Amino acid sequence: MAYLNDNYLKLKSGYLFPEIARRVSAFCQANPEAAKRLIRCGIGDVTEPLPPAAIRAMHAAVDEMGKRETFRGYGPEQGYEFLRHVIAQNDFRDRGLDIADDEIFVSDGSKCDCGNILDIFGHQNGIGVMDPVYPVYVDTNVMAGHTGPADDGGYSGLLYLPCTAENGFVPELPSEKVDLIYLCYPNNPTGATAAREQLASWVNYALNNRSIILYDAAYEAYISDSAIPHSIYEIPGARDCAIEFRSFSKNGGFTGTRCAFTVVPKSLNAATSDGKWTSLHPLWQRRMTTKFNGVSYPVQRAAEALYTVEGKEQVRALVQHYMGNAQVLRKGAKTAGLNVYGGVNAPYIWVQTPPGITSWQAFDRILNEANVVITPGSGFGSKGEGYFRISAFNSRANADEVARRLQALKW
Ligand code: MLT
């Protein structure tokens with residue numbers, strides 16, 4: 001008899017975005033006219049074409065693959081040296097951060113890395129997650145058997161760290177000990193950022209407790225305030241207690257192209273079950289070489305091109321475009337009389353629902369009356385109840401139209 005992984009049966013019905021897609025598709029079938037004017041501001045998926053520098057590099061790489069002399073088969077599982085080098089140099093060393101080329105592991109996405117990283121950690125770890133939270137951190141821990149069943153507040157066995165308007169959506173340090181802590185800044189879904197001192201207090205917590213911070217910096221390109229850290233490694237000591245996840249999805253528009261990277265410093269250690277303090281870097285290397293065959297060569301060349309002078313300029317323009325939308329959407333929601341957070345150093349606007357209206361009720365109202373798709377805050381955790389998220393990834397015309405429709409809604 002074959003046995004399944006019972007942990008999957010603990011998962012709440014559907015992953016948030018497929019669940020939204022299901023509801024939207026039912027709405028469109030029932031309302032074909034309204035479906036024609038539907039604007040999607042739900043999932044944070046980019047809308048603008050790839051930067052020309054990336055396109056050119058990808059075309060050239062495809063041509064190389066078409067000739068015997070330059071054809072390439074399997075590449076290095078952890079990424080080609082040409083890409084690992086430009087990443088470490090531009091994103092870290094040029095900013096004074098000590099990260100070596102071989103501490104960069106290129107992958108096909110941060111979502112995958114955030115889940116896969118659990119392969120190298122033991123089951124004994126106490127896990128801390130922000131609430132609201134990017135659902136992948138929670139669901140992958142459920143799948144790995146690190147939780148009990150769910151109730152309305154979340155899964156037993158996870159420590160939820162409340163992120164509220166009162167604490168600026170940056171969690172306070174827990175009084176109990178957690179071994180793995182997921183932090184995400186600029187934050188998805190709240191659009192909040194963490195100040196240097198706040199990150200420093202988390203790094204100190206991790207160093208004092210021999211914990212590890214899993215730091216998701218997928219949205220770092222959206223930071224415009226020069227006081228806000230782009231990387232956890234800007235905090236002294238973080239090399240010894242943090243793994244950082246980065247992505248080309250939201251800066252280079254690679255959501256459909258797939259390329260990301262994870263930084264695992266060689267100085268990062270965790271305990272074996274018999275208490276020996278041991279480096280994690282070789283374990284992640286081993287995991288990648290065993291379970292992954294690398295990102296395709298043309299895609300890695302395209303990612304490399306984002307670091308050229310023209311590539312950087314084109315990425316800046318893309319980010320500016322989406323942040324222009326964020327400004328429009330913030331203003332629209334504010335003018336509609338709603339309390340608005342985020343959207344200043346992040347492409348997400350976090351909006352409080354009017355009194356007495358739940359997140360899903362707001363979702364239904366906005367879908368039915370404004371024909372706009374947003375994401376209900378409660379889908380990100382119990383502390384997301386009473387909020388909804390608007391994604392700024394769209395055309396300017398759509399952002400303008402969504403702002404207008406939000407203002408026309410009568411709550
Ligand atoms: C989101 O909408 O939260 C993002 O698209 C999630 C992701 O990047 O996987």
# chains A, B, ... in the order shown; residues from 1 in each chain; ligands from 1

call {"tool": "select_by_dssp", "arguments": {"residues": "segment 181-339 of chain A", "states": "alpha helix (DSSP H)", "output": "PyMOL selection string"}}
result
chain A and resi 196-209+281-291+297-305+309-335

call {"tool": "residues_near_ligand", "arguments": {"ligand": "ligand 1", "cutoff": "10 Å", "atoms": "only C-alpha atoms and all ligand atoms", "output": "ChimeraX atom specification"}}
result
/A:16-17,41-46,109-112,133-136,187-189,218-219,247,249-250,255,348,374-375,380,389-391,393

call {"tool": "residues_around", "arguments": {"residues": "segment 305-317 of chain A", "least_positions_apart": "5", "cutoff": "7 Å", "atoms": "only C-alpha atoms", "output": "list of chain:residue names"}}
result
A:Pro51, A:Ala53, A:Ala54, A:Ala57, A:Val86, A:Asn251, A:Gly252

call {"tool": "closest_residue", "arguments": {"among": "A:Tyr222, A:Tyr205, A:Trp284, A:Tyr215", "to": "Tyr137 of chain A", "atoms": "only C-alpha atoms"}}
result
A:Tyr215

call {"tool": "residues_around", "arguments": {"residues": "Met143 of chain A", "least_positions_apart": "3", "cutoff": "7 Å", "atoms": "only C-alpha atoms", "output": "PyMOL selection string"}}
result
chain A and resi 7-8+139-140

call {"tool": "write_last_selection", "arguments": {"atoms": "all heavy atoms", "output": "short mmCIF file (atom, residue, chain, number, x, y, z; two decimals), in the first residue's frame"}}
result
data_model
loop_
_atom_site.label_atom_id
_atom_site.label_comp_id
_atom_site.auth_asym_id
_atom_site.auth_seq_id
_atom_site.Cartn_x
_atom_site.Cartn_y
_atom_site.Cartn_z
N ASN A 7 0.37 15.55 5.57
CA ASN A 7 0.47 16.99 5.86
C ASN A 7 -0.29 17.82 4.83
O ASN A 7 -0.81 18.89 5.14
CB ASN A 7 1.93 17.42 5.90
CG ASN A 7 2.66 16.71 7.02
OD1 ASN A 7 2.19 16.70 8.15
ND2 ASN A 7 3.80 16.11 6.69
N TYR A 8 -0.34 17.31 3.57
CA TYR A 8 -1.05 18.05 2.53
C TYR A 8 -2.54 18.18 2.86
O TYR A 8 -3.20 19.12 2.44
CB TYR A 8 -0.89 17.37 1.17
CG TYR A 8 0.40 17.74 0.45
CD1 TYR A 8 1.63 17.40 0.99
CD2 TYR A 8 0.37 18.44 -0.74
CE1 TYR A 8 2.82 17.74 0.35
CE2 TYR A 8 1.55 18.79 -1.39
CZ TYR A 8 2.77 18.43 -0.84
OH TYR A 8 3.93 18.78 -1.48
N ASP A 139 2.57 27.54 3.93
CA ASP A 139 2.13 26.29 3.31
C ASP A 139 3.28 25.29 3.14
O ASP A 139 3.09 24.08 3.28
CB ASP A 139 1.48 26.56 1.94
CG ASP A 139 0.08 27.18 2.08
OD1 ASP A 139 -0.34 27.43 3.23
OD2 ASP A 139 -0.59 27.41 1.06
N THR A 140 4.48 25.79 2.86
CA THR A 140 5.60 24.85 2.68
C THR A 140 5.99 24.22 4.03
O THR A 140 6.43 23.08 4.07
CB THR A 140 6.81 25.53 2.02
OG1 THR A 140 7.16 26.71 2.74
CG2 THR A 140 6.53 25.88 0.57
#

call {"tool": "residues_around", "arguments": {"residues": "segment 70-78 of chain A", "least_positions_apart": "4", "cutoff": "8 Å", "atoms": "only C-alpha atoms", "output": "tab-separated table (two decimals) with C-alpha atoms, in the first residue's frame"}}
result
chain	number	residue	atom	x	y	z
A	64	GLU	CA	24.51	30.39	-29.57
A	65	MET	CA	22.39	27.36	-28.70
A	66	GLY	CA	21.66	26.92	-32.41
A	104	ILE	CA	25.03	33.14	-4.76
A	105	PHE	CA	22.78	30.29	-5.93
A	106	VAL	CA	20.80	31.04	-9.10
A	107	SER	CA	17.36	29.44	-9.31
A	285	GLN	CA	25.02	23.27	-2.65
A	288	MET	CA	20.85	22.23	-5.60
A	289	THR	CA	23.16	19.83	-7.40
A	292	PHE	CA	17.98	21.02	-9.72
A	293	ASN	CA	19.59	21.26	-13.13
A	294	GLY	CA	19.99	25.00	-13.36
A	295	VAL	CA	18.14	27.85	-15.03
A	296	SER	CA	18.30	27.80	-18.82
A	297	TYR	CA	21.32	29.47	-20.43

call {"tool": "closest_residue", "arguments": {"among": "A:Leu118, A:Leu180, A:Val299, A:Leu97", "to": "Ala60 of chain A", "atoms": "only C-alpha atoms"}}
result
A:Val299

call {"tool": "select_by_dssp", "arguments": {"residues": "segment 14-136 of chain A", "states": "strand (DSSP E or B)", "output": "list in words"}}
result
Ile39, Arg40, Ile104, Phe105, Val106, Ser107, Ile127, Gly128, Val129, Met130 and Asp131 of chain A

call {"tool": "write_last_selection", "arguments": {"atoms": "C-alpha atoms", "output": "mmCIF file, in the first residue's frame"}}
result
data_model
loop_
_atom_site.group_PDB
_atom_site.id
_atom_site.type_symbol
_atom_site.label_atom_id
_atom_site.label_comp_id
_atom_site.auth_asym_id
_atom_site.auth_seq_id
_atom_site.Cartn_x
_atom_site.Cartn_y
_atom_site.Cartn_z
ATOM 1 C CA ILE A 39 -9.130 44.989 -14.318
ATOM 2 C CA ARG A 40 -6.850 42.673 -12.391
ATOM 3 C CA ILE A 104 25.034 33.136 -4.762
ATOM 4 C CA PHE A 105 22.777 30.290 -5.925
ATOM 5 C CA VAL A 106 20.803 31.042 -9.096
ATOM 6 C CA SER A 107 17.363 29.440 -9.311
ATOM 7 C CA ILE A 127 9.166 28.574 13.081
ATOM 8 C CA GLY A 128 8.174 32.247 13.269
ATOM 9 C CA VAL A 129 6.168 33.875 10.469
ATOM 10 C CA MET A 130 4.793 37.364 10.096
ATOM 11 C CA ASP A 131 1.024 37.759 10.112
#

call {"tool": "residues_around", "arguments": {"residues": "Asn339 of chain A", "least_positions_apart": "3", "cutoff": "7 Å", "atoms": "only C-alpha atoms", "output": "VMD selection string"}}
result
chain A and resid 334 351 to 352

call {"tool": "write_last_selection", "arguments": {"atoms": "all heavy atoms", "output": "PDB file, in the first residue's frame"}}
result
ATOM      1  N   LYS A 334      -7.262  56.733  -1.076  1.00  0.00           N
ATOM      2  CA  LYS A 334      -7.348  57.754  -0.020  1.00  0.00           C
ATOM      3  C   LYS A 334      -8.526  58.680  -0.280  1.00  0.00           C
ATOM      4  O   LYS A 334      -9.288  59.007   0.622  1.00  0.00           O
ATOM      5  CB  LYS A 334      -6.068  58.592   0.008  1.00  0.00           C
ATOM      6  CG  LYS A 334      -5.021  58.038   0.938  1.00  0.00           C
ATOM      7  CD  LYS A 334      -3.904  59.034   1.053  1.00  0.00           C
ATOM      8  CE  LYS A 334      -3.020  58.716   2.233  1.00  0.00           C
ATOM      9  NZ  LYS A 334      -1.840  59.531   2.262  1.00  0.00           N
ATOM     10  N   VAL A 351      -4.913  48.348   2.093  1.00  0.00           N
ATOM     11  CA  VAL A 351      -6.038  49.248   2.359  1.00  0.00           C
ATOM     12  C   VAL A 351      -6.944  48.649   3.422  1.00  0.00           C
ATOM     13  O   VAL A 351      -7.299  47.463   3.352  1.00  0.00           O
ATOM     14  CB  VAL A 351      -6.859  49.466   1.060  1.00  0.00           C
ATOM     15  CG1 VAL A 351      -7.956  50.490   1.286  1.00  0.00           C
ATOM     16  CG2 VAL A 351      -5.959  49.897  -0.091  1.00  0.00           C
ATOM     17  N   GLN A 352      -7.319  49.482   4.394  1.00  0.00           N
ATOM     18  CA  GLN A 352      -8.227  49.016   5.440  1.00  0.00           C
ATOM     19  C   GLN A 352      -9.661  49.032   4.891  1.00  0.00           C
ATOM     20  O   GLN A 352     -10.049  50.017   4.242  1.00  0.00           O
ATOM     21  CB  GLN A 352      -8.117  49.961   6.625  1.00  0.00           C
ATOM     22  CG  GLN A 352      -8.655  49.373   7.888  1.00  0.00           C
ATOM     23  CD  GLN A 352      -8.226  50.202   9.086  1.00  0.00           C
ATOM     24  OE1 GLN A 352      -7.848  51.361   8.947  1.00  0.00           O
ATOM     25  NE2 GLN A 352      -8.306  49.605  10.253  1.00  0.00           N
TER      26      GLN A 352
END

call {"tool": "atom_distance", "arguments": {"atom1": "atom CA of Thr190 of chain A", "atom2": "atom CA of Trp350 of chain A"}}
result
5.1 Å

call {"tool": "closest_residue", "arguments": {"among": "A:His281, A:Arg330, A:Arg404, A:Arg210", "to": "Val178 of chain A", "atoms": "only C-alpha atoms"}}
result
A:Arg210

call {"tool": "atom_distance", "arguments": {"atom1": "atom CA of Asp6 of chain A", "atom2": "atom CA of Cys184 of chain A"}}
result
28.7 Å

call {"tool": "atom_distance", "arguments": {"atom1": "atom CA of Ser226 of chain A", "atom2": "atom CA of Tyr322 of chain A"}}
result
18.7 Å

call {"tool": "closest_residue", "arguments": {"among": "A:Leu11, A:Val328, A:Ala408, A:Ala194", "to": "Asp151 of chain A", "atoms": "only C-alpha atoms"}}
result
A:Leu11

call {"tool": "residues_around", "arguments": {"residues": "Ala370 of chain A", "least_positions_apart": "5", "cutoff": "12 Å", "atoms": "only C-alpha atoms", "output": "short mmCIF file (atom, residue, chain, number, x, y, z; two decimals) with N, CA, C and O atoms, in the first residue's frame"}}
result
data_model
loop_
_atom_site.label_atom_id
_atom_site.label_comp_id
_atom_site.auth_asym_id
_atom_site.auth_seq_id
_atom_site.Cartn_x
_atom_site.Cartn_y
_atom_site.Cartn_z
N ALA A 34 -19.68 42.52 -17.78
CA ALA A 34 -18.78 43.08 -16.77
C ALA A 34 -17.36 42.53 -16.96
O ALA A 34 -16.38 43.23 -16.73
N ALA A 35 -17.29 41.27 -17.41
CA ALA A 35 -15.97 40.64 -17.59
C ALA A 35 -15.12 41.42 -18.58
O ALA A 35 -13.90 41.47 -18.46
N ARG A 37 -14.82 44.56 -18.86
CA ARG A 37 -14.15 45.74 -18.28
C ARG A 37 -13.36 45.39 -17.01
O ARG A 37 -12.91 46.28 -16.28
N LEU A 38 -13.16 44.07 -16.81
CA LEU A 38 -12.45 43.63 -15.60
C LEU A 38 -10.99 44.11 -15.60
O LEU A 38 -10.30 44.02 -16.61
N ILE A 39 -10.55 44.62 -14.47
CA ILE A 39 -9.13 44.99 -14.32
C ILE A 39 -8.56 44.19 -13.15
O ILE A 39 -9.14 44.17 -12.06
N ARG A 40 -7.43 43.56 -13.40
CA ARG A 40 -6.85 42.67 -12.39
C ARG A 40 -5.74 43.38 -11.62
O ARG A 40 -4.71 43.73 -12.20
N CYS A 41 -5.98 43.57 -10.33
CA CYS A 41 -4.94 44.11 -9.44
C CYS A 41 -4.76 43.15 -8.28
O CYS A 41 -4.55 43.55 -7.13
N ALA A 362 -15.22 42.84 0.97
CA ALA A 362 -14.65 43.92 0.15
C ALA A 362 -14.27 43.39 -1.22
O ALA A 362 -14.54 44.02 -2.25
N PHE A 363 -13.68 42.20 -1.24
CA PHE A 363 -13.30 41.58 -2.52
C PHE A 363 -14.53 41.45 -3.42
O PHE A 363 -14.50 41.85 -4.59
N ASP A 364 -15.62 40.91 -2.86
CA ASP A 364 -16.85 40.70 -3.66
C ASP A 364 -17.43 42.04 -4.14
O ASP A 364 -17.84 42.15 -5.30
N ARG A 365 -17.47 43.02 -3.23
CA ARG A 365 -18.02 44.33 -3.60
C ARG A 365 -17.21 44.96 -4.73
O ARG A 365 -17.76 45.46 -5.72
N GLU A 401 -7.81 54.09 -14.12
CA GLU A 401 -9.22 53.66 -14.15
C GLU A 401 -9.63 53.02 -12.81
O GLU A 401 -10.72 53.27 -12.29
N VAL A 402 -8.72 52.21 -12.23
CA VAL A 402 -9.03 51.58 -10.93
C VAL A 402 -9.21 52.67 -9.87
O VAL A 402 -10.14 52.61 -9.05
N ALA A 403 -8.34 53.67 -9.90
CA ALA A 403 -8.45 54.76 -8.92
C ALA A 403 -9.83 55.43 -9.06
O ALA A 403 -10.51 55.71 -8.07
N ARG A 404 -10.24 55.65 -10.30
CA ARG A 404 -11.56 56.29 -10.54
C ARG A 404 -12.69 55.40 -10.01
O ARG A 404 -13.59 55.87 -9.32
N ARG A 405 -12.59 54.10 -10.32
CA ARG A 405 -13.68 53.21 -9.91
C ARG A 405 -13.75 53.08 -8.38
O ARG A 405 -14.84 52.94 -7.81
N LEU A 406 -12.59 53.08 -7.73
CA LEU A 406 -12.60 52.98 -6.25
C LEU A 406 -13.32 54.18 -5.65
O LEU A 406 -14.06 54.07 -4.68
N GLN A 407 -13.08 55.35 -6.26
CA GLN A 407 -13.71 56.57 -5.74
C GLN A 407 -15.22 56.57 -5.98
O GLN A 407 -15.98 57.18 -5.22
N ALA A 408 -15.65 55.88 -7.04
CA ALA A 408 -17.09 55.86 -7.37
C ALA A 408 -17.87 54.87 -6.50
O ALA A 408 -19.10 54.91 -6.44
N LEU A 409 -17.13 53.96 -5.82
CA LEU A 409 -17.83 52.95 -5.00
C LEU A 409 -18.51 53.57 -3.80
O LEU A 409 -17.93 54.43 -3.13
N LYS A 410 -19.73 53.14 -3.54
CA LYS A 410 -20.43 53.63 -2.34
C LYS A 410 -20.40 52.50 -1.32
O LYS A 410 -20.99 51.46 -1.52
N TRP A 411 -19.68 52.69 -0.22
CA TRP A 411 -19.55 51.60 0.77
C TRP A 411 -20.75 51.52 1.68
O TRP A 411 -21.28 52.49 2.10
#

call {"tool": "closest_residue", "arguments": {"among": "A:Asn167, A:Ser382, A:Asn209, A:Thr262", "to": "Arg84 of chain A", "atoms": "only C-alpha atoms"}}
result
A:Thr262

call {"tool": "decode", "arguments": {"residues": "segment 245-265 of chain A", "atoms": "N, CA and C atoms", "output": "tab-separated table (two decimals), in the first residue's frame"}}
result
chain	number	residue	atom	x	y	z
A	245	PHE	N	16.73	35.92	0.01
A	245	PHE	CA	16.12	35.52	-1.27
A	245	PHE	C	15.91	36.76	-2.12
A	246	ARG	N	16.33	36.69	-3.36
A	246	ARG	CA	16.14	37.80	-4.31
A	246	ARG	C	15.55	37.24	-5.60
A	247	SER	N	14.97	38.13	-6.38
A	247	SER	CA	14.28	37.67	-7.58
A	247	SER	C	14.46	38.67	-8.71
A	248	PHE	N	14.43	38.19	-9.94
A	248	PHE	CA	14.39	39.10	-11.09
A	248	PHE	C	12.95	39.31	-11.58
A	249	SER	N	12.00	38.71	-10.87
A	249	SER	CA	10.60	38.79	-11.31
A	249	SER	C	10.07	40.20	-11.27
A	250	LYS	N	10.31	40.90	-10.17
A	250	LYS	CA	9.63	42.17	-9.98
A	250	LYS	C	10.50	43.35	-10.42
A	251	ASN	N	11.80	43.17	-10.56
A	251	ASN	CA	12.63	44.28	-11.06
A	251	ASN	C	12.78	44.18	-12.58
A	252	GLY	N	13.17	43.00	-13.10
A	252	GLY	CA	13.35	42.84	-14.54
A	252	GLY	C	12.09	42.35	-15.24
A	253	GLY	N	11.01	42.14	-14.51
A	253	GLY	CA	9.77	41.66	-15.13
A	253	GLY	C	9.85	40.20	-15.54
A	254	PHE	N	10.58	39.38	-14.76
A	254	PHE	CA	10.84	37.99	-15.14
A	254	PHE	C	9.81	36.99	-14.59
A	255	THR	N	8.60	37.44	-14.24
A	255	THR	CA	7.66	36.47	-13.64
A	255	THR	C	7.41	35.28	-14.58
A	256	GLY	N	7.38	35.56	-15.89
A	256	GLY	CA	7.16	34.48	-16.85
A	256	GLY	C	8.46	33.92	-17.42
A	257	THR	N	9.56	34.53	-17.07
A	257	THR	CA	10.86	34.13	-17.64
A	257	THR	C	11.60	33.22	-16.65
A	258	ARG	N	11.42	33.46	-15.38
A	258	ARG	CA	11.88	32.67	-14.25
A	258	ARG	C	13.39	32.76	-14.00
A	259	CYS	N	13.76	33.61	-13.09
A	259	CYS	CA	15.15	33.61	-12.61
A	259	CYS	C	15.18	34.35	-11.28
A	260	ALA	N	15.93	33.81	-10.35
A	260	ALA	CA	16.04	34.39	-9.01
A	260	ALA	C	17.36	33.91	-8.42
A	261	PHE	N	17.64	34.31	-7.20
A	261	PHE	CA	18.82	33.75	-6.53
A	261	PHE	C	18.67	33.82	-5.03
A	262	THR	N	19.44	32.95	-4.39
A	262	THR	CA	19.45	32.88	-2.92
A	262	THR	C	20.89	33.03	-2.46
A	263	VAL	N	21.08	33.80	-1.40
A	263	VAL	CA	22.42	34.01	-0.86
A	263	VAL	C	22.55	33.17	0.41
A	264	VAL	N	23.50	32.24	0.37
A	264	VAL	CA	23.79	31.43	1.57
A	264	VAL	C	25.25	31.66	1.93
A	265	PRO	N	25.51	32.51	2.93
A	265	PRO	CA	26.90	32.81	3.29
A	265	PRO	C	27.60	31.57	3.85
